[in-house]
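These notes are about the structure you will find just below.
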Amino acid sequence: MGTLTNERRVISVIVMNESSVLARITALFAGRGYNIESLTVAPIPNSDMSHITIATKGSAKVMEQITKQLHKLIPIYKVVEHEEMVEKEMVLAKFPIAESLADISVLASAYNGGVVNVGKEMIIVMVADEPMRIRHFIEASQRYNPCEIVRGGVVAIER
Amino acid sequence: MQMSGAQMVCEAIIAEGVKTVFGYPGGAIMHVYDEIYKQEGFEHILNRHEQASVHAADGYARATGEVGVAMVTSGPGFTNAVTGLATAYMDSIPLVVISGQVPSQLIGTDGFQEIDAVGISRPCTKHNFLVRSLEELPRVLKEAFYIARSGRPGPVLVDIPKDITVDIGEFEYPDSVDIPSYKPTYKGNKRQIEKAVEAIKLAKKPLLYIGGGVVLSNAYKLVREFVEKTQIPTVETLMARGVLGAKNPLLLGMLGMHGNYASNMAMSETDLVISLGARFDDRVTGKLSEFAKYADIIHVDIDAANIGKIVEVDYPIVGDVTEVMKKILEQMDDIDTDRYEAWRNILKRYDELHPQSYVDSDEVIKPQWAIERIGELIGEDAIITSDVGQHQMWAAQHYPFDRPRQWINSGGLGTMGFGFPAAMGAKMAFPEKTVVNITGDGSILMNMQELVTAAEYKIPVINLILNNHFLGMVRQWQTFFYEKRYSETDLSFQPNWKALAESCGGIGYDVTTKEEFDAAVKDAIEQDKVCFMNVIVNRFEDVLPMVPSGGALFNMMLPQKIDEEGK
């Protein structure tokens, strides 16, 4: 990893479940001028902790500061900033029913997904894959005139 | 034992051994004040502004090394305290500030005197709590004190909704704290320390660079021992003045924007920086690409985030200065002090070439003279606080500091109005010591209401006002960098200082000559009352040397040289 390049990185943060811990993290990013590309948070099963995954961009030096500053927050238990992460992101996309449903269905399954709902006017597909592949899926889906696309943000786990 | 939340607050303060609390009551904190009225475990000082309460608690903490406590009400009471929190945060001072909050059921409704205290204070506290229930109150109070004083110290806010102070429940103050996510590192890594020791022994031009962390860690004896043993020249930051003692021949002085010539040249030419509890502030480093350009850097800091934040570090050691210094000292018995002899001689020549000096005058009092003189008059035992500006830098340059915690000032945030209340806090902690706030005619007015507090409680601090009828530091920059356009810095319109002090129950002195100065200081110590000593100094004196902002440390504007006839 270069020292000056603005590389995308994923940081995994384990926090104690207490009020305003998320606010502390986002305030830290805002106050010190770091970017958040995406952020997901969910409780860890059978524990009093939560797992937060933050996708961000910055140089190696900025990354080091982000992890150190995060670690200083009292309710933060562990910060992992690692190159060896398995990353997945989920996306929901809504298409008009008039589009080629077979094409859309094939596209979705090509990206580890499928049709999750079909209504009178709309068809909804869900896809879960690596963030890069999610971008490709979104590009490819443009020809079917999606009405709405909702990305879920990255979740990651150390390999 | 069953008691109200308000009582729990008082019991916790007593259990923590706090002798003096500074504060200001109001609606949301009234139940706690009702309990303060009933108890005898600590004294409460009613400041006349919440900012002063927090600064006073801060001064108390800096003078003693213990946690300072301030108490304020919700809304404006809290917001007035924010500057105090930020001041303590930037200088890593252990404080617990207790604020009232509107009752739990009113939170979020824009109730009377409601403000999101934890939201506002998040970036200027080490940690903060909004107490959610009476059950968690004892644990939160215990954790607040623990977090404030452990690791890298800092201020902690405990925001308590009014209903929780009323409710009655079981109180058992915890003996210990266990926060799984907060485990400060005290012991430095053994291998890293060994490598650093090796680097010290191989260096030719090592320089010890000590900061406020040495004071906070109470490591000054170990640091003095290290310097004695190794004979390594030393520079102090603004926050570390007094650690080595002014008389130590190995102390070069203070470095940075207003550092002396030898210190800044030492940093520019050293081949090994040994940084203890310092954080490479921009006022210290000047232009980064030229800072310690030829040096490897050993950085000892209890806060890992400080290491590598500003400069690249070759020997990072995360740990408490005291613990790390003990380990380093164990390995210093075979040190060859002659190795650094040539380097010491170079620095000695630098100091002779441009010593910390000023041109004295017989017509007008020079501010530097006033500081040196008060140092001679009140001696090594006094505690000196300061506000922010030229007087602060002159005090740091010229006062003969002899021990840590003798010098109390707002270094990181640079808070004008800090000095007077901080002096009161220090005086409450050490009533037998003379406490002097070295201030200016700008700064002192920012918390002058404390004259009333100091007079009421008989807290006899001396406010030495170096009066140049200017916001002097800004004026100095305007002279140098803004073609003498003195935009809004002329303070020619002044109060009658003597009358002002007297009207509040203190004493005032107007001083224009050196004789009057000596007489006023002598009288002020005898009278033992809070005073304003209005010392008229020459208007256009500059703080020198000066490294212009963003410039390299070795590019200093230097004072006029004094020739042999003293000209």
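All residue names refer to the structure tokens as shown: chains lettered A, B, ... in order, residues numbered from 1 in each chain, ligands numbered from 1 in order.
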Can I get the residues of chain B within 7 Å of chain A, each with the closest pair of atoms and their distance in Å to one decimal, using only C-alpha atoms, sorted chain first then ascending number, as CSV?
residue,atom,partner,partner_atom,distance
B:His127,CA,A:Ile74,CA,6.8
B:Pro180,CA,A:Tyr77,CA,6.9
B:Ser181,CA,A:Tyr77,CA,4.1
B:Tyr182,CA,A:Ile74,CA,5.5
B:Ala304,CA,A:Lys68,CA,6.6
B:Ala305,CA,A:Lys68,CA,5.0
B:Lys309,CA,A:Gln65,CA,6.7
What are the DSSP alpha helix (DSSP H) residues of chain A, as a ChimeraX atom specification? /A:21-31,60-72,101-110,131-141
Those same residues - N, CA and C atoms - I'd like them written as a short mmCIF file (atom, residue, chain, number, x, y, z; two decimals), in the first residue's frame.
data_model
loop_
_atom_site.label_atom_id
_atom_site.label_comp_id
_atom_site.auth_asym_id
_atom_site.auth_seq_id
_atom_site.Cartn_x
_atom_site.Cartn_y
_atom_site.Cartn_z
N VAL A 21 -22.54 5.39 21.17
CA VAL A 21 -21.23 4.94 20.71
C VAL A 21 -21.07 5.21 19.22
N LEU A 22 -22.17 5.06 18.46
CA LEU A 22 -22.10 5.34 17.03
C LEU A 22 -21.86 6.84 16.79
N ALA A 23 -22.51 7.67 17.61
CA ALA A 23 -22.31 9.11 17.50
C ALA A 23 -20.86 9.47 17.77
N ARG A 24 -20.24 8.79 18.73
CA ARG A 24 -18.84 9.07 19.02
C ARG A 24 -17.96 8.79 17.80
N ILE A 25 -18.27 7.69 17.12
CA ILE A 25 -17.46 7.30 15.96
C ILE A 25 -17.66 8.28 14.81
N THR A 26 -18.91 8.58 14.49
CA THR A 26 -19.14 9.48 13.36
C THR A 26 -18.62 10.89 13.68
N ALA A 27 -18.75 11.31 14.95
CA ALA A 27 -18.24 12.63 15.33
C ALA A 27 -16.72 12.67 15.19
N LEU A 28 -16.07 11.56 15.51
CA LEU A 28 -14.61 11.50 15.37
C LEU A 28 -14.22 11.67 13.90
N PHE A 29 -14.92 10.96 13.02
CA PHE A 29 -14.61 11.07 11.58
C PHE A 29 -14.86 12.50 11.10
N ALA A 30 -15.99 13.09 11.51
CA ALA A 30 -16.31 14.44 11.06
C ALA A 30 -15.32 15.44 11.62
N GLY A 31 -15.04 15.33 12.91
CA GLY A 31 -14.20 16.31 13.58
C GLY A 31 -12.76 16.30 13.10
N ALA A 60 -1.94 5.79 4.03
CA ALA A 60 -1.57 4.88 5.11
C ALA A 60 -1.48 5.63 6.43
N LYS A 61 -0.96 6.87 6.37
CA LYS A 61 -0.81 7.66 7.58
C LYS A 61 -2.17 8.02 8.19
N VAL A 62 -3.09 8.40 7.30
CA VAL A 62 -4.44 8.73 7.77
C VAL A 62 -5.10 7.50 8.37
N MET A 63 -4.92 6.35 7.70
CA MET A 63 -5.50 5.10 8.19
C MET A 63 -4.99 4.78 9.59
N GLU A 64 -3.70 4.97 9.78
CA GLU A 64 -3.10 4.69 11.09
C GLU A 64 -3.71 5.60 12.16
N GLN A 65 -3.88 6.88 11.82
CA GLN A 65 -4.49 7.80 12.77
C GLN A 65 -5.94 7.41 13.05
N ILE A 66 -6.68 7.03 12.00
CA ILE A 66 -8.09 6.66 12.21
C ILE A 66 -8.17 5.50 13.19
N THR A 67 -7.36 4.47 12.97
CA THR A 67 -7.47 3.30 13.86
C THR A 67 -7.04 3.67 15.27
N LYS A 68 -6.00 4.48 15.40
CA LYS A 68 -5.54 4.84 16.74
C LYS A 68 -6.56 5.73 17.46
N GLN A 69 -7.10 6.68 16.72
CA GLN A 69 -8.08 7.57 17.35
C GLN A 69 -9.34 6.79 17.72
N LEU A 70 -9.75 5.85 16.87
CA LEU A 70 -10.91 5.03 17.20
C LEU A 70 -10.65 4.24 18.48
N HIS A 71 -9.45 3.69 18.55
CA HIS A 71 -9.12 2.86 19.70
C HIS A 71 -9.15 3.65 21.01
N LYS A 72 -8.92 4.96 20.90
CA LYS A 72 -8.92 5.81 22.10
C LYS A 72 -10.32 6.00 22.68
N LEU A 101 -38.01 -9.49 -17.74
CA LEU A 101 -37.86 -10.11 -16.42
C LEU A 101 -36.83 -11.22 -16.45
N ALA A 102 -36.78 -11.95 -17.56
CA ALA A 102 -35.81 -13.05 -17.66
C ALA A 102 -34.39 -12.51 -17.60
N ASP A 103 -34.15 -11.42 -18.34
CA ASP A 103 -32.81 -10.82 -18.34
C ASP A 103 -32.42 -10.36 -16.94
N ILE A 104 -33.38 -9.69 -16.28
CA ILE A 104 -33.10 -9.17 -14.94
C ILE A 104 -32.78 -10.32 -13.99
N SER A 105 -33.56 -11.37 -14.10
CA SER A 105 -33.37 -12.52 -13.23
C SER A 105 -32.00 -13.17 -13.46
N VAL A 106 -31.62 -13.29 -14.71
CA VAL A 106 -30.32 -13.88 -15.03
C VAL A 106 -29.19 -12.99 -14.49
N LEU A 107 -29.37 -11.68 -14.70
CA LEU A 107 -28.37 -10.72 -14.21
C LEU A 107 -28.18 -10.87 -12.70
N ALA A 108 -29.31 -10.92 -12.01
CA ALA A 108 -29.24 -11.02 -10.54
C ALA A 108 -28.55 -12.30 -10.11
N SER A 109 -28.89 -13.39 -10.75
CA SER A 109 -28.27 -14.65 -10.32
C SER A 109 -26.78 -14.70 -10.67
N ALA A 110 -26.41 -13.97 -11.73
CA ALA A 110 -24.99 -13.90 -12.08
C ALA A 110 -24.18 -13.22 -10.99
N PRO A 131 -17.91 -5.65 -2.97
CA PRO A 131 -18.27 -4.28 -3.33
C PRO A 131 -17.97 -3.93 -4.79
N MET A 132 -16.85 -4.42 -5.30
CA MET A 132 -16.49 -4.17 -6.69
C MET A 132 -17.52 -4.76 -7.64
N ARG A 133 -17.95 -6.00 -7.34
CA ARG A 133 -18.93 -6.68 -8.20
C ARG A 133 -20.30 -6.02 -8.08
N ILE A 134 -20.57 -5.46 -6.89
CA ILE A 134 -21.84 -4.73 -6.74
C ILE A 134 -21.86 -3.53 -7.68
N ARG A 135 -20.72 -2.87 -7.80
CA ARG A 135 -20.64 -1.73 -8.73
C ARG A 135 -20.90 -2.19 -10.17
N HIS A 136 -20.32 -3.33 -10.52
CA HIS A 136 -20.54 -3.87 -11.87
C HIS A 136 -22.01 -4.21 -12.09
N PHE A 137 -22.61 -4.81 -11.07
CA PHE A 137 -24.03 -5.16 -11.19
C PHE A 137 -24.87 -3.90 -11.45
N ILE A 138 -24.54 -2.85 -10.68
CA ILE A 138 -25.34 -1.62 -10.82
C ILE A 138 -25.16 -1.03 -12.22
N GLU A 139 -23.93 -1.09 -12.73
CA GLU A 139 -23.69 -0.61 -14.09
C GLU A 139 -24.50 -1.42 -15.11
N ALA A 140 -24.41 -2.73 -14.96
CA ALA A 140 -25.08 -3.61 -15.92
C ALA A 140 -26.60 -3.47 -15.86
N SER A 141 -27.11 -3.14 -14.66
CA SER A 141 -28.56 -3.08 -14.51
C SER A 141 -29.15 -1.82 -15.13
#
Listing only residues of range 393-416 of chain B within 12 Å of range 342-365 of chain B, what is the closest atom pair and its distance in Å (to one decimal) for each, using only C-alpha atoms, sorted by chain and residue number ascending, as CSV?
residue,atom,partner,partner_atom,distance
B:Trp394,CA,B:Tyr358,CA,10.5
B:Ala396,CA,B:Gln356,CA,11.4
B:Gln397,CA,B:Gln356,CA,7.6
B:His398,CA,B:Gln356,CA,8.1
B:Tyr399,CA,B:Gln356,CA,11.6
Serialized selection, N, CA and C atoms, as a PDB file, in the first residue's frame:
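again_5.pdb, written as the output of this step:
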ATOM      1  N   TRP B 394       6.718  35.480  27.879  1.00  0.00           N
ATOM      2  CA  TRP B 394       7.792  36.067  28.679  1.00  0.00           C
ATOM      3  C   TRP B 394       7.960  35.305  29.988  1.00  0.00           C
ATOM      4  N   ALA B 396       7.231  32.164  30.497  1.00  0.00           N
ATOM      5  CA  ALA B 396       7.853  30.870  30.187  1.00  0.00           C
ATOM      6  C   ALA B 396       9.344  31.030  29.915  1.00  0.00           C
ATOM      7  N   GLN B 397       9.719  32.148  29.308  1.00  0.00           N
ATOM      8  CA  GLN B 397      11.134  32.362  28.966  1.00  0.00           C
ATOM      9  C   GLN B 397      11.962  32.807  30.164  1.00  0.00           C
ATOM     10  N   HIS B 398      11.398  33.657  31.014  1.00  0.00           N
ATOM     11  CA  HIS B 398      12.238  34.351  31.990  1.00  0.00           C
ATOM     12  C   HIS B 398      12.042  33.938  33.440  1.00  0.00           C
ATOM     13  N   TYR B 399      10.942  33.270  33.783  1.00  0.00           N
ATOM     14  CA  TYR B 399      10.763  32.922  35.186  1.00  0.00           C
ATOM     15  C   TYR B 399      11.681  31.745  35.539  1.00  0.00           C
TER      16      TYR B 399
END
Got a sec: who's within 6 Å of range 430-446 of chain B, counting only C-alpha atoms, leaving out chain neighbours fewer than 6 positions off, as a PyMOL selection string? chain B and resi 382-387+391+416-417+419-420+461-467+471
If we count only C-alpha atoms and set the cut-off at 8 Å, which residues sit around Ile36 in chain A, ignoring sequence neighbours fewer than 6 positions away in its own chain? Please answer as a VMD selection string. chain A and resid 29 54 to 57
For the selection you just gave me, I'd like the residues written to a file as a CSV table (one decimal), in the first residue's frame, keeping N, CA and C atoms.
chain,number,residue,atom,x,y,z
A,29,PHE,N,-14.9,11.0,13.0
A,29,PHE,CA,-14.6,11.1,11.6
A,29,PHE,C,-14.9,12.5,11.1
A,54,ILE,N,-16.7,0.0,8.7
A,54,ILE,CA,-16.6,1.3,8.1
A,54,ILE,C,-15.7,1.2,6.9
A,55,ALA,N,-16.2,1.6,5.7
A,55,ALA,CA,-15.4,1.7,4.5
A,55,ALA,C,-15.0,3.1,4.4
A,56,THR,N,-13.7,3.4,4.2
A,56,THR,CA,-13.2,4.7,4.2
A,56,THR,C,-12.1,4.8,3.2
A,57,LYS,N,-11.6,6.1,3.0
A,57,LYS,CA,-10.5,6.3,2.0
A,57,LYS,C,-9.4,7.1,2.7
Quick one: everything within 8 Å of Glu148 in chain A, counting only C-alpha atoms, minus sequence neighbours fewer than 4 positions away in the same chain. Send it as a short mmCIF file (atom, residue, chain, number, x, y, z; two decimals) with N, CA and C atoms, in the first residue's frame.
data_model
loop_
_atom_site.label_atom_id
_atom_site.label_comp_id
_atom_site.auth_asym_id
_atom_site.auth_seq_id
_atom_site.Cartn_x
_atom_site.Cartn_y
_atom_site.Cartn_z
N ALA A 93 -32.63 -3.76 -5.76
CA ALA A 93 -32.92 -2.92 -6.92
C ALA A 93 -34.34 -3.20 -7.41
N LYS A 94 -35.00 -2.13 -7.78
CA LYS A 94 -36.40 -2.21 -8.20
C LYS A 94 -36.50 -1.84 -9.68
N PHE A 95 -37.16 -2.73 -10.48
CA PHE A 95 -37.29 -2.48 -11.92
C PHE A 95 -38.76 -2.46 -12.32
#
What residues in range 373-545 of chain B get the DSSP label strand (DSSP E)? Please answer as a ChimeraX atom specification. /B:383-386,407-408,435-440,462-467,507-511,531-536
Surrounding residues of Arg152 in chain B excluding itself and chain neighbours under 2 positions, 9 Å, only C-alpha atoms, as a PyMOL selection string: chain B and resi 92-94+126+147-150+154+184+213+216+301-303+320
Could you dump the residues just selected with C-alpha atoms as a short mmCIF file (atom, residue, chain, number, x, y, z; two decimals), in the first residue's frame?
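So out-v9.cif came out as:
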data_model
loop_
_atom_site.label_atom_id
_atom_site.label_comp_id
_atom_site.auth_asym_id
_atom_site.auth_seq_id
_atom_site.Cartn_x
_atom_site.Cartn_y
_atom_site.Cartn_z
CA SER B 92 -4.68 16.34 29.31
CA ILE B 93 -5.79 17.52 32.74
CA PRO B 94 -7.85 15.14 34.92
CA LYS B 126 -11.88 12.30 27.18
CA ILE B 147 -11.05 7.51 33.29
CA ALA B 148 -10.11 11.11 34.14
CA ARG B 149 -6.92 10.14 35.97
CA SER B 150 -5.75 6.97 34.20
CA GLY B 154 -8.42 14.23 30.58
CA PRO B 184 -4.30 1.95 29.05
CA GLY B 213 3.54 14.25 29.84
CA LEU B 216 1.46 14.47 34.28
CA ASP B 301 3.97 8.56 24.85
CA ILE B 302 1.12 6.93 26.74
CA ASP B 303 -1.21 7.82 23.87
CA ASP B 320 3.91 5.82 30.80
#
Selection near Val125 in chain A, 6 Å with only C-alpha atoms, sequence-local residues under 5 positions removed, as a PyMOL selection string: chain A and resi 92-93+114-116
Same residues, C-alpha atoms, output as a CSV table (one decimal), in the first residue's frame:
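Below is the file again.csv, written as the result:
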chain,number,residue,atom,x,y,z
A,92,LEU,CA,-31.8,-4.1,-3.5
A,93,ALA,CA,-32.9,-2.9,-6.9
A,114,GLY,CA,-32.2,-13.4,-7.3
A,115,VAL,CA,-35.7,-12.1,-7.5
A,116,VAL,CA,-37.1,-11.4,-4.1
Separation of CA of Asn260 in chain B and CA of Lys514 in chain B, in Å?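 According to the coordinates, CA of Asn260 in chain B and CA of Lys514 in chain B are separated by 26.0 Å.
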Between A:Ala98, A:Ser59, A:Ile124, A:Glu130, which one has atoms that come closest to Tyr111 in chain A, using only C-alpha atoms?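 Checking each candidate against Tyr111 in chain A, we get A:Glu130 as the closest.
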Coordinates-based distance that separates CA of Gln51 in chain B from CA of Ala422 in chain B (Å, one decimal):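 Distance reported for this atom pair: 10.6 Å.
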B:Lys183, B:Lys287, B:His44, B:Lys366: which is nearest Lys19 in chain B, counting only C-alpha atoms?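 Smallest distance to Lys19 in chain B is found for B:His44.
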